[in-house]
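Student: Next comes data_39.txt, compact mmCIF, C-alpha atoms:
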```txt
# COMPACT_ATOMS: atom_id res chain seq x y z
CA MET A 1 -33.08 45.54 14.41
CA SER A 2 -33.74 44.75 10.79
CA THR A 3 -30.07 43.72 10.43
CA ASN A 4 -30.48 40.93 12.98
CA ARG A 5 -33.66 39.78 11.33
CA THR A 6 -31.99 39.64 7.89
CA PHE A 7 -29.09 37.68 9.34
CA SER A 8 -31.45 35.21 11.00
CA LEU A 9 -33.48 34.70 7.83
CA SER A 10 -30.31 34.16 5.75
CA MET A 11 -29.06 31.58 8.26
CA ILE A 12 -32.37 29.72 8.13
CA ALA A 13 -32.33 29.78 4.32
CA ALA A 14 -28.74 28.43 4.26
CA LEU A 15 -29.56 25.64 6.70
CA ALA A 16 -32.71 24.74 4.78
CA GLY A 17 -30.65 24.53 1.58
CA LEU A 18 -28.10 22.17 3.17
CA THR A 19 -30.67 19.85 4.75
CA PRO A 20 -31.13 17.64 1.65
CA LEU A 21 -27.34 17.25 1.36
CA SER A 22 -26.96 16.16 4.96
CA GLY A 23 -29.74 13.62 4.49
CA MET A 24 -27.94 12.18 1.48
CA ALA A 25 -24.65 11.97 3.38
CA VAL A 26 -26.23 9.95 6.19
CA GLU A 27 -27.93 7.50 3.84
CA GLU A 28 -25.45 4.72 3.01
CA LYS A 29 -25.93 2.36 0.12
CA PRO A 30 -24.74 -1.16 0.87
CA GLU A 31 -21.63 -2.04 -1.11
CA GLY A 32 -21.36 -5.41 -2.76
CA PHE A 33 -18.43 -7.65 -3.61
CA ILE A 34 -17.68 -5.85 -6.90
CA GLU A 35 -19.04 -2.37 -6.08
CA GLY A 36 -16.86 -2.05 -2.98
CA SER A 37 -13.68 -3.22 -4.74
CA THR A 38 -10.51 -1.16 -5.10
CA LEU A 39 -7.31 -1.66 -7.08
CA ASN A 40 -4.16 0.33 -6.24
CA VAL A 41 -0.68 0.24 -7.75
CA LEU A 42 2.27 1.73 -5.85
CA ALA A 43 5.67 2.34 -7.47
CA ARG A 44 8.80 2.87 -5.34
CA ASN A 45 12.36 3.56 -6.39
CA PHE A 46 15.19 2.69 -4.00
CA TYR A 47 18.88 3.57 -4.13
CA PHE A 48 21.38 2.49 -1.49
CA ASN A 49 25.08 3.35 -1.22
CA ARG A 50 27.36 2.60 1.70
CA ASP A 51 30.97 3.79 1.67
CA ASP A 52 33.13 1.73 4.06
CA ARG A 53 36.54 2.86 2.81
CA LYS A 54 37.74 4.47 6.06
CA GLY A 55 39.27 1.36 7.53
CA GLN A 56 36.01 -0.51 8.02
CA SER A 57 35.50 -3.88 6.43
CA SER A 58 32.67 -4.31 3.92
CA PRO A 59 30.85 -7.49 2.88
CA THR A 60 31.92 -6.91 -0.75
CA GLY A 61 35.62 -6.59 0.04
CA ASN A 62 36.03 -3.48 -2.13
CA GLY A 63 35.02 -0.84 0.42
CA TYR A 64 31.50 0.00 -0.71
CA SER A 65 28.06 -1.45 -1.32
CA GLU A 66 25.56 -0.14 -3.84
CA ALA A 67 22.17 -1.09 -5.30
CA TRP A 68 19.40 0.60 -7.27
CA ALA A 69 15.98 -1.02 -7.72
CA GLN A 70 12.42 -0.24 -8.80
CA GLY A 71 9.49 -1.90 -7.07
CA PHE A 72 5.77 -2.20 -7.84
CA ILE A 73 3.01 -3.31 -5.46
CA GLY A 74 -0.47 -3.96 -6.83
CA LYS A 75 -3.25 -4.49 -4.26
CA PHE A 76 -6.81 -5.62 -4.99
CA GLU A 77 -9.37 -5.42 -2.17
CA SER A 78 -12.89 -6.62 -2.82
CA GLY A 79 -16.00 -5.42 -1.08
CA PHE A 80 -18.12 -7.79 0.96
CA THR A 81 -21.07 -9.90 -0.07
CA GLN A 82 -24.35 -8.53 1.22
CA GLY A 83 -26.09 -9.91 4.27
CA PRO A 84 -25.40 -10.03 8.00
CA VAL A 85 -22.14 -11.90 7.36
CA GLY A 86 -20.10 -10.64 4.40
CA PHE A 87 -17.28 -12.46 2.63
CA GLY A 88 -14.48 -10.91 0.57
CA LEU A 89 -11.05 -11.41 -0.95
CA ASP A 90 -7.80 -9.42 -0.94
CA ALA A 91 -4.90 -10.13 -3.31
CA PHE A 92 -1.53 -8.57 -4.07
CA ALA A 93 1.32 -8.83 -6.55
CA MET A 94 4.80 -7.44 -5.97
CA TYR A 95 7.58 -7.08 -8.52
CA GLY A 96 11.12 -5.79 -8.04
CA LEU A 97 13.48 -4.87 -10.87
CA LYS A 98 17.24 -4.41 -10.48
CA LEU A 99 18.29 -1.18 -12.18
CA ASP A 100 21.95 -1.20 -11.16
CA SER A 101 24.15 -3.38 -8.98
CA GLY A 102 26.77 -6.05 -9.43
CA THR A 103 28.74 -8.79 -7.76
CA GLY A 104 31.43 -6.40 -6.55
CA ARG A 105 28.99 -3.96 -4.99
CA SER A 106 25.78 -5.78 -4.11
CA GLY A 107 26.82 -6.83 -0.65
CA GLY A 108 25.73 -10.37 -1.30
CA LYS A 109 24.45 -12.19 1.75
CA GLY A 110 26.11 -9.81 4.20
CA SER A 111 24.52 -7.07 6.27
CA PHE A 112 23.38 -5.30 3.11
CA GLY A 113 20.68 -7.39 1.42
CA VAL A 114 18.49 -5.07 -0.68
CA LEU A 115 18.40 -7.38 -3.71
CA PRO A 116 18.06 -11.16 -3.57
CA VAL A 117 21.08 -13.08 -4.86
CA ASP A 118 21.45 -16.32 -6.83
CA SER A 119 23.67 -19.29 -5.93
CA ASP A 120 26.74 -17.47 -7.34
CA ASN A 121 26.09 -14.45 -5.09
CA HIS A 122 25.02 -12.28 -8.07
CA PRO A 123 21.99 -10.00 -7.60
CA GLU A 124 18.82 -11.19 -9.35
CA ASP A 125 17.54 -9.10 -12.27
CA GLY A 126 13.91 -9.37 -11.11
CA TYR A 127 11.91 -10.96 -8.33
CA SER A 128 8.24 -11.22 -7.46
CA LYS A 129 5.70 -12.40 -4.91
CA LEU A 130 1.96 -13.12 -5.09
CA GLY A 131 -0.43 -13.57 -2.19
CA GLY A 132 -3.92 -13.15 -0.94
CA ALA A 133 -6.31 -13.42 1.97
CA VAL A 134 -9.96 -14.23 2.53
CA LYS A 135 -11.95 -11.98 4.81
CA VAL A 136 -15.20 -12.15 6.75
CA ARG A 137 -17.20 -9.17 8.07
CA LEU A 138 -19.65 -9.48 10.95
CA LEU A 139 -21.16 -6.13 12.01
CA ASP A 140 -18.11 -3.83 12.41
CA THR A 141 -15.54 -6.62 12.81
CA VAL A 142 -13.39 -7.90 9.93
CA ILE A 143 -11.33 -11.08 10.22
CA LYS A 144 -8.69 -11.89 7.57
CA ALA A 145 -6.79 -15.13 7.01
CA GLY A 146 -3.80 -15.37 4.67
CA ASP A 147 -1.25 -12.75 3.62
CA VAL A 148 -2.26 -9.42 5.17
CA PHE A 149 -0.76 -5.92 5.19
CA PRO A 150 -0.67 -3.93 8.43
CA LEU A 151 -2.50 -0.60 8.29
```
Rewrite the structure from the file as structure tokens, please.
Tutor:
Amino acid sequence: MSTNRTFSLSMIAALAGLTPLSGMAVEEKPEGFIEGSTLNVLARNFYFNRDDRKGQSSPTGNGYSEAWAQGFIGKFESGFTQGPVGFGLDAFAMYGLKLDSGTGRSGGKGSFGVLPVDSDNHPEDGYSKLGGAVKVRLLDTVIKAGDVFPL
């Protein structure tokens, strides 16, 4: 009988010790425009090789297509201004860098278009894009206008 009583007292002591932590977890501090901001940078490396030398035609005319590129995506997401209606801003920058490819293997404007090409059908050495969106929060609903990324 004393074993059950010890177990019950230890459970009560453990729950009493966790009570302040659970109260802190429930209490949310409102985030502001700067305090709720995040900045993320994603790096991706991409290599593509298609061998069409078994009687199939290729857009390059030499039987294969090949490209190697490195990409970076930087995303900034602000928090919201305080109040019943909050306003915020999202922005992004993308940069792609050609690591290896050439006129004879890039595929040009055919079915294989990993790298953008110039007017002479040569792959570009680098390419970029900038964009952004404004956002409004009302209760639990967020509306964005501009360039947005799907979740």
Student: Taking all atoms listed in the file into account, name the residue in A:Trp68, A:Phe46, A:Phe33, A:Phe149 that is nearest to Pro123 in chain A.
Tutor: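 Closest to Pro123 in chain A of all the choices is A:Trp68.
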Student: Pick from A:Glu31, A:Asp147, A:Glu66, A:Asp118: nearest to Ala133 in chain A, with only C-alpha atoms counted?
Tutor: A:Asp147
Student: If you count all atoms listed in the file, which residues fall within 10 Å of range 76-87 of chain A, apart from same-chain ones fewer than 4 positions away, as a list in words?
Tutor: Pro30, Glu31, Gly32, Phe33, Ile34, Glu35, Gly36, Ser37, Thr38, Leu39, Asn40, Val41, Ala91, Phe92, Ala93, Gly132, Ala133, Val134, Lys135, Val136, Arg137, Leu138, Leu139, Val142, Ile143 and Lys144 of chain A
Student: Residues near Asn49 in chain A, anyone? I mean within 8 Å using all atoms listed in the file, not counting same-chain ones fewer than 6 positions away, as a PDB file with C-alpha atoms, in the coordinates of the input.
Tutor:
```pdb
ATOM      1  CA  TYR A  64      31.500   0.000  -0.710  1.00  0.00           C
ATOM      2  CA  SER A  65      28.060  -1.450  -1.320  1.00  0.00           C
ATOM      3  CA  GLU A  66      25.560  -0.140  -3.840  1.00  0.00           C
ATOM      4  CA  ALA A  67      22.170  -1.090  -5.300  1.00  0.00           C
TER       5      ALA A  67
END
```
Student: Suppose you want the space between CA of Gly88 in chain A and CA of Ala43 in chain A; what is it in Å?
Tutor: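 Value for the CA of Gly88 in chain A-CA of Ala43 in chain A distance: 25.4 Å.
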Student: Figure out the distance between CA of Leu130 in chain A and CA of Asn45 in chain A, please, to one decimal in Å.
Tutor: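 Computing it gives 19.7 Å between the two atoms.
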Student: Find, counting all atoms listed in the file, the residue in A:Asp90, A:Ala145, A:Leu115, A:Arg50 that gets nearest to Gly71 in chain A.
Tutor: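 Answer, going by the shortest atom-to-atom distance: A:Leu115.
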Student: If you take every atom of range 41-44 of chain A that the file lists and fit an axis-aligned box around them with 5 Å extra on each side, what centre and edge lengths come out in Å to one decimal, as JSON?
Tutor:
```
{"center_x": 4.1, "center_y": 1.6, "center_z": -6.5, "size_x": 19.5, "size_y": 12.6, "size_z": 12.4}
```
Student: CA of Gly146 in chain A and CA of Gly131 in chain A, how far apart in Å?
Tutor: 7.9 Å
Student: Pick from A:Val148, A:Leu89, A:Met94, A:Leu99: nearest to Leu42 in chain A, with all atoms listed in the file counted?
Tutor: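 Ranked by minimum distance to Leu42 in chain A, first place goes to A:Met94.
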Student: May I ask which of the residues A:Ser101, A:Thr141, A:Tyr47, A:Lys75 is the closest one to Lys129 in chain A, counting all atoms listed in the file?
Tutor: A:Lys75
